[in-house]
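So the structure is just underneath, and the comments pick up after that.
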Amino acid sequence: MFKKILCAVDGSEHSLRAAEAASELAQKFGGTLTLLTVAKPVTLTPRLKEFFKEESLMGEATYVLEPMTEGVLNEAKKRAQAKGTAKVEAVVLEGHPARTIVDFVRRNKIDCAVLGSRGQGDMEATLLGSVSHKVSSLANCTVVIVK
Ligand SMILES: Nc1ncnc2c1ncn2[C@@H]1O[C@H](COP(=O)(O)OP(=O)(O)OP(=O)(O)O)[C@@H](O)[C@H]1O
Ligand SMILES: [Mg+2]
């Protein structure tokens with residue numbers, strides 16, 4: 001039923017638990033697991049841009065990805081692999097988190113998207129974060145919210 005499984009990770013403990021659950025689902029259904037993190041572009045000042053160019057760290061881009069991104073994906077990958085799915089693909093995209101996740105689901109024909117109920121924000125007042133709320137409403141696939 002769920003052949004293509006996506007887990008959206010933002011580095012929060014909730015999203016790492018989501019990665020574990022997604023890994024178990026992938027195992028049960030013999031499906032593939034993709035981890036996706038959406039990084040906010042960080043706008044650079046002209047001087048910093050020059051610096052990065054001189055150091056050949058980037059091309060013409062006016063932004064860099066949040067430095068946390070790689071660590072977030074590596075940690076999620078470890079947690080997912082510990083639950084049994086050996087082959088885990090990791091993807092980084094830039095943009096608005098909910099919109100980017102919903103687009104990714106549509107473009108890649110994802111069958112099931114797994115998210116944590118909360119993320120880095122983790123305010124106690126509400127049950128669901130804005131990203132999990134928007135993705136569960138707008139994605140054209142089954143959405144699993146891990147508490
Ligand atoms: N930038 C992101 N990239 C990938 N997945 C994300 C991202 N942000 C949130 N998520 C996913 O959505 C889940 C819920 O996080 P969400 O951001 O909705 O809650 P929050 O941070 O507690 O609240 P808010 O961001 O609304 O203040 C996370 O556990 C994760 O699965
Ligand atoms: Mg958040």
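How things are named: the first chain in the structure tokens is A, the next is B, and so on; residues count from 1 in each chain; ligands count from 1 in the order shown.
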
>> Show me which residues line ligand 1, defined as having an atom within 9 Å of a ligand atom where only C-alpha atoms and all ligand atoms count, and present them as a ChimeraX atom specification.
In response: /A:7-19,35-40,92-98,100-101,114-124,126-135,145-147

>> Need the shell around Lys87 (chain A): protein/DNA/RNA residues with any atom at most 9 Å away, counting only C-alpha atoms. Skip same-chain ones fewer than 4 positions apart. Format as a list in words?
In response: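 Once the adjacent positions are removed, what remains is Thr32, Leu33 and Gln81 of chain A.
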
Please produce a file of the residues just selected, as a CSV table (one decimal), in the first residue's frame, where the atoms kept are N, CA and C atoms.
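Saved result, selection.csv, follows:
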chain,number,residue,atom,x,y,z
A,32,THR,N,10.3,2.2,-0.2
A,32,THR,CA,11.5,3.0,-0.1
A,32,THR,C,11.3,4.2,0.9
A,33,LEU,N,12.4,4.6,1.6
A,33,LEU,CA,12.2,5.7,2.5
A,33,LEU,C,13.1,6.9,2.1
A,81,GLN,N,17.8,4.0,10.2
A,81,GLN,CA,18.5,2.7,9.9
A,81,GLN,C,18.5,1.8,11.1

>> Please extract the residues of region 9-134 of chain A with a backbone DSSP assignment of helix (DSSP H, G or I) and present them as a PyMOL selection string.
In response: chain A and resi 13-29+46-54+69-82+97-107+130-134

> Hey, can you check how far CA of Val102 (chain A) sits from CA of Ala82 (chain A)?
Replying inline: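 Separation between CA of Val102 (chain A) and CA of Ala82 (chain A): 27.0 Å.
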
>> I'd like the interatomic distance between CA of Gly30 (chain A) and CA of Ala86 (chain A), to a tenth of an Å.
In response: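 Pair CA of Gly30 (chain A) / CA of Ala86 (chain A) returns 11.5 Å.
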
> A:Ala80, A:Cys141, A:Val72, A:Ala90: which is nearest Ala21 (chain A), counting only C-alpha atoms?
Replying inline: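 Ranked by minimum distance to Ala21 (chain A), first place goes to A:Ala80.
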
> Using only C-alpha atoms, which residue out of A:Asn140, A:Gln27, A:Asn74, A:Thr85 lies closest to Lys109 (chain A)?
Replying inline: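 Using only C-alpha atoms, the shortest distance to Lys109 (chain A) belongs to A:Asn140.
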
>> Just to confirm, what's the straight-line distance from CA of Lys78 (chain A) to CA of Met1 (chain A) in Å (one decimal)?
In response: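 The value is 25.0 Å.
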